[in-house]
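Note sheet for the following structure.
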Amino acid sequence: MRQHWLNLKLIIGLLVEIAILFKLTVLNAASPPQITTIQFSVTDPRSEITQSLGPDLLLKVHRAVDAHGHPYGWDIAVIDRRLGDQPNFLFDCLCGHGPQPNDLHAWHFHEMFFPPKRILPIYGYLFEIRVECRDCQVDGSSATDMHFTAGIVEVAWRRLQKSNPRQRTLADFR
C-alpha cells in the first residue's frame, strides 16, 4: 500500500511539473518579442560598429567612404558567422545592385530614395532590423559630395515568431 502512495505522489508531482512547464511555454509564446537597440551619431568617426544578434548572426554597420576617404553614410549588413562575410542577409536577392534599403547614404536621404525609418527582414532568419535616421541633416550640392552633418542612427532588432523567406538568386527568375 505504501508503494502505491509513493507512485501516486510521483505521478502527481510529474503532472504539476508538466503543468508549470506548459504555463511557462504559453506565457513565453504570448509575450511580445524583445527589441534590442544600438544608437550612434550619423557622423560617428568609427569605421565599423558590430553587435551580435545571437550565436550565428552578426550585425555590421560599416562607414561608407568615397575614393578620397570622405564619409557619406553607412552600409548595414547582417552576416552568418558560419559563412564568413558573405552574403548580406538584408539583401532580398543576391542578383541585384544599386541602392538598397540597408544603405544609409546621405544622397539617398537627401533625395528621399528610402524613408528615414525602415524595417528590413533578415532573409532566411527569425529576425528583422529596424533602422531610423532621426533628425538627420545633409549638406552638399550633388550626390558625389553629399554628406551627413547631424542626426542619430538607431538600429533595432527583434526576433520574429516566423522565419523570413530565403534570399532569391538568379535561378529563381529562370
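Chain labels follow the order of the C-alpha cells: the first chain is A, the next B, and so on; residue numbering restarts at 1 in every chain, and ligands are counted from 1 in their shown order.
Neighbouring residues of Met146 (chain A) at 6 Å or closer, counting only C-alpha atoms and skipping chain neighbours under 5 positions away, are Ala106, Trp107, Asp139 and Gly140 of chain A.
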Can I get the selected residues back with all heavy atoms, as an mmCIF file, in the first residue's frame?
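Writing done, so here's result-v6.cif:
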```cif
data_model
loop_
_atom_site.group_PDB
_atom_site.id
_atom_site.type_symbol
_atom_site.label_atom_id
_atom_site.label_comp_id
_atom_site.auth_asym_id
_atom_site.auth_seq_id
_atom_site.Cartn_x
_atom_site.Cartn_y
_atom_site.Cartn_z
ATOM 1 N N ALA A 106 23.976 59.583 -47.524
ATOM 2 C CA ALA A 106 23.487 60.965 -47.474
ATOM 3 C C ALA A 106 22.678 61.325 -48.706
ATOM 4 O O ALA A 106 21.617 61.943 -48.607
ATOM 5 C CB ALA A 106 24.662 61.923 -47.296
ATOM 6 N N TRP A 107 23.131 60.937 -49.894
ATOM 7 C CA TRP A 107 22.379 61.319 -51.093
ATOM 8 C C TRP A 107 21.046 60.595 -51.171
ATOM 9 O O TRP A 107 20.071 61.140 -51.685
ATOM 10 C CB TRP A 107 23.216 61.150 -52.362
ATOM 11 C CG TRP A 107 23.496 59.754 -52.799
ATOM 12 C CD1 TRP A 107 24.513 58.950 -52.401
ATOM 13 C CD2 TRP A 107 22.744 58.990 -53.748
ATOM 14 N NE1 TRP A 107 24.448 57.736 -53.024
ATOM 15 C CE2 TRP A 107 23.370 57.736 -53.873
ATOM 16 C CE3 TRP A 107 21.601 59.242 -54.501
ATOM 17 C CZ2 TRP A 107 22.895 56.737 -54.703
ATOM 18 C CZ3 TRP A 107 21.134 58.246 -55.337
ATOM 19 C CH2 TRP A 107 21.778 57.010 -55.438
ATOM 20 N N ASP A 139 24.406 67.858 -46.190
ATOM 21 C CA ASP A 139 24.929 69.040 -46.862
ATOM 22 C C ASP A 139 25.656 68.567 -48.116
ATOM 23 O O ASP A 139 26.168 67.454 -48.167
ATOM 24 C CB ASP A 139 25.893 69.803 -45.946
ATOM 25 C CG ASP A 139 26.307 71.143 -46.522
ATOM 26 O OD1 ASP A 139 25.492 71.761 -47.248
ATOM 27 O OD2 ASP A 139 27.443 71.579 -46.251
ATOM 28 N N GLY A 140 25.700 69.414 -49.109
ATOM 29 C CA GLY A 140 26.369 69.107 -50.363
ATOM 30 C C GLY A 140 25.482 69.491 -51.525
ATOM 31 O O GLY A 140 24.263 69.632 -51.383
#
```
Selection near Ala150 (chain A), 7 Å with only C-alpha atoms, sequence-local residues under 5 positions removed, as a VMD selection string: chain A and resid 42 to 43 136 to 137
Serialized selection, N, CA and C atoms, as a PDB file, in the first residue's frame:
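Wrote selection35.pdb, looks like this:
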```pdb
ATOM      1  N   VAL A  42      25.195  59.979 -36.636  1.00  0.00           N
ATOM      2  CA  VAL A  42      25.385  59.689 -38.058  1.00  0.00           C
ATOM      3  C   VAL A  42      26.774  60.153 -38.524  1.00  0.00           C
ATOM      4  N   THR A  43      27.413  61.015 -37.738  1.00  0.00           N
ATOM      5  CA  THR A  43      28.776  61.478 -38.048  1.00  0.00           C
ATOM      6  C   THR A  43      29.823  60.760 -37.188  1.00  0.00           C
ATOM      7  N   CYS A 136      18.191  63.594 -39.021  1.00  0.00           N
ATOM      8  CA  CYS A 136      19.381  63.597 -39.876  1.00  0.00           C
ATOM      9  C   CYS A 136      19.329  64.768 -40.852  1.00  0.00           C
ATOM     10  N   GLN A 137      20.475  65.382 -41.036  1.00  0.00           N
ATOM     11  CA  GLN A 137      20.614  66.501 -41.956  1.00  0.00           C
ATOM     12  C   GLN A 137      21.813  66.243 -42.849  1.00  0.00           C
TER      13      GLN A 137
END
```
query: When distances are computed from only C-alpha atoms, which of A:Gln167, A:Asn88, A:Pro99, A:Val155 shows the smallest separation from Ile49 (chain A)?
result: A:Val155
For the interface of region 102-151 of chain A with region 55-65 of chain A (cut-off 10 Å, counting only C-alpha atoms), please tabulate each contacting residue of region 102-151 of chain A alongside its nearest pair of atoms and their separation in Å to one decimal, rows sorted by chain and increasing number, as JSON lines.
```
{"residue": "A:Asn102", "atom": "CA", "partner": "A:Val61", "partner_atom": "CA", "distance": 9.6}
{"residue": "A:Asp103", "atom": "CA", "partner": "A:Ala64", "partner_atom": "CA", "distance": 8.9}
{"residue": "A:Leu104", "atom": "CA", "partner": "A:Ala64", "partner_atom": "CA", "distance": 8.8}
{"residue": "A:His105", "atom": "CA", "partner": "A:Ala64", "partner_atom": "CA", "distance": 7.7}
{"residue": "A:Ala106", "atom": "CA", "partner": "A:Ala64", "partner_atom": "CA", "distance": 10.0}
{"residue": "A:Ile122", "atom": "CA", "partner": "A:Leu57", "partner_atom": "CA", "distance": 9.8}
{"residue": "A:Tyr125", "atom": "CA", "partner": "A:Leu57", "partner_atom": "CA", "distance": 9.2}
{"residue": "A:Phe127", "atom": "CA", "partner": "A:Leu57", "partner_atom": "CA", "distance": 9.7}
{"residue": "A:Ile129", "atom": "CA", "partner": "A:Leu59", "partner_atom": "CA", "distance": 9.3}
{"residue": "A:His147", "atom": "CA", "partner": "A:Val65", "partner_atom": "CA", "distance": 9.9}
```
Serialized selection, N, CA, C and O atoms, as an mmCIF file, in the first residue's frame:
```cif
data_model
loop_
_atom_site.group_PDB
_atom_site.id
_atom_site.type_symbol
_atom_site.label_atom_id
_atom_site.label_comp_id
_atom_site.auth_asym_id
_atom_site.auth_seq_id
_atom_site.Cartn_x
_atom_site.Cartn_y
_atom_site.Cartn_z
ATOM 1 N N ASN A 102 19.133 48.906 -47.093
ATOM 2 C CA ASN A 102 20.083 48.766 -45.993
ATOM 3 C C ASN A 102 21.264 49.724 -46.121
ATOM 4 O O ASN A 102 22.145 49.737 -45.275
ATOM 5 N N ASP A 103 21.262 50.555 -47.165
ATOM 6 C CA ASP A 103 22.252 51.625 -47.320
ATOM 7 C C ASP A 103 21.688 52.889 -46.688
ATOM 8 O O ASP A 103 20.575 53.299 -47.019
ATOM 9 N N LEU A 104 22.427 53.485 -45.801
ATOM 10 C CA LEU A 104 22.031 54.763 -45.213
ATOM 11 C C LEU A 104 23.041 55.798 -45.705
ATOM 12 O O LEU A 104 23.994 56.133 -45.017
ATOM 13 N N HIS A 105 22.826 56.244 -46.941
ATOM 14 C CA HIS A 105 23.747 57.177 -47.587
ATOM 15 C C HIS A 105 23.127 58.565 -47.638
ATOM 16 O O HIS A 105 21.910 58.707 -47.820
ATOM 17 N N ALA A 106 23.976 59.583 -47.524
ATOM 18 C CA ALA A 106 23.487 60.965 -47.474
ATOM 19 C C ALA A 106 22.678 61.325 -48.706
ATOM 20 O O ALA A 106 21.617 61.943 -48.607
ATOM 21 N N ILE A 122 15.597 40.043 -42.174
ATOM 22 C CA ILE A 122 16.839 39.291 -42.343
ATOM 23 C C ILE A 122 16.407 38.001 -43.028
ATOM 24 O O ILE A 122 15.836 37.109 -42.401
ATOM 25 N N TYR A 125 15.957 34.079 -41.821
ATOM 26 C CA TYR A 125 16.153 34.012 -40.374
ATOM 27 C C TYR A 125 14.940 34.577 -39.637
ATOM 28 O O TYR A 125 14.098 35.259 -40.215
ATOM 29 N N PHE A 127 14.591 37.065 -37.636
ATOM 30 C CA PHE A 127 14.844 38.404 -37.124
ATOM 31 C C PHE A 127 14.451 39.452 -38.161
ATOM 32 O O PHE A 127 14.410 39.179 -39.367
ATOM 33 N N ILE A 129 15.310 43.882 -38.753
ATOM 34 C CA ILE A 129 16.068 45.058 -38.341
ATOM 35 C C ILE A 129 15.195 46.283 -38.593
ATOM 36 O O ILE A 129 14.536 46.371 -39.628
ATOM 37 N N HIS A 147 26.971 64.701 -47.762
ATOM 38 C CA HIS A 147 27.392 64.049 -46.529
ATOM 39 C C HIS A 147 26.443 64.449 -45.399
ATOM 40 O O HIS A 147 25.764 65.465 -45.469
#
```
task: Identify, with DSSP run on backbone atoms, the residues in region 73-174 of chain A assigned to strand (DSSP E), and express the list as a PyMOL selection string.
output: chain A and resi 73-80+103-105+117-121+127-139+147-159
What would the file look like if the residues just selected were written as a compact mmCIF listing (two decimals), in the first residue's frame with C-alpha atoms?
```
# COMPACT_ATOMS: atom_id res chain seq x y z
CA GLY A 73 26.91 57.32 -44.81
CA TRP A 74 26.63 53.78 -43.54
CA ASP A 75 26.18 50.29 -45.03
CA ILE A 76 24.23 47.91 -42.82
CA ALA A 77 24.74 44.16 -43.08
CA VAL A 78 23.77 41.02 -41.21
CA ILE A 79 26.03 38.05 -41.79
CA ASP A 80 26.04 34.48 -40.57
CA ASP A 103 22.25 51.63 -47.32
CA LEU A 104 22.03 54.76 -45.21
CA HIS A 105 23.75 57.18 -47.59
CA LYS A 117 12.58 54.81 -40.87
CA ARG A 118 12.76 51.31 -42.40
CA ILE A 119 12.00 47.74 -41.43
CA LEU A 120 14.37 45.25 -43.05
CA PRO A 121 13.82 41.49 -42.91
CA PHE A 127 14.84 38.40 -37.12
CA GLU A 128 14.10 41.82 -38.53
CA ILE A 129 16.07 45.06 -38.34
CA ARG A 130 14.52 48.48 -37.84
CA VAL A 131 16.65 51.39 -38.98
CA GLU A 132 15.85 55.01 -38.24
CA CYS A 133 17.81 58.17 -39.01
CA ARG A 134 16.37 60.66 -36.52
CA ASP A 135 16.80 64.37 -37.18
CA CYS A 136 19.38 63.60 -39.88
CA GLN A 137 20.61 66.50 -41.96
CA VAL A 138 22.79 66.52 -45.05
CA ASP A 139 24.93 69.04 -46.86
CA HIS A 147 27.39 64.05 -46.53
CA PHE A 148 25.58 63.91 -43.19
CA THR A 149 26.04 66.83 -40.80
CA ALA A 150 23.76 65.82 -37.92
CA GLY A 151 21.41 63.14 -36.67
CA ILE A 152 21.17 59.92 -34.74
CA VAL A 153 21.11 56.45 -36.28
CA GLU A 154 19.10 53.89 -34.37
CA VAL A 155 19.30 50.23 -35.34
CA ALA A 156 16.94 47.90 -33.50
CA TRP A 157 16.37 44.20 -34.00
CA ARG A 158 13.85 41.73 -32.77
CA ARG A 159 13.22 38.03 -33.02
```
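Near Gly124 (chain A), within a cut-off of 10 Å and counting only C-alpha atoms, sit the residues Phe89, Leu90, Asp92, Pro121, Phe127, Lys162, Ser163, Asn164, Pro165, Arg166 and Gln167 of chain A, with same-chain residues fewer than 3 positions away left out.
Going from CA of Ser47 (chain A) over to CA of Asp66 (chain A), you cover 12.9 Å.
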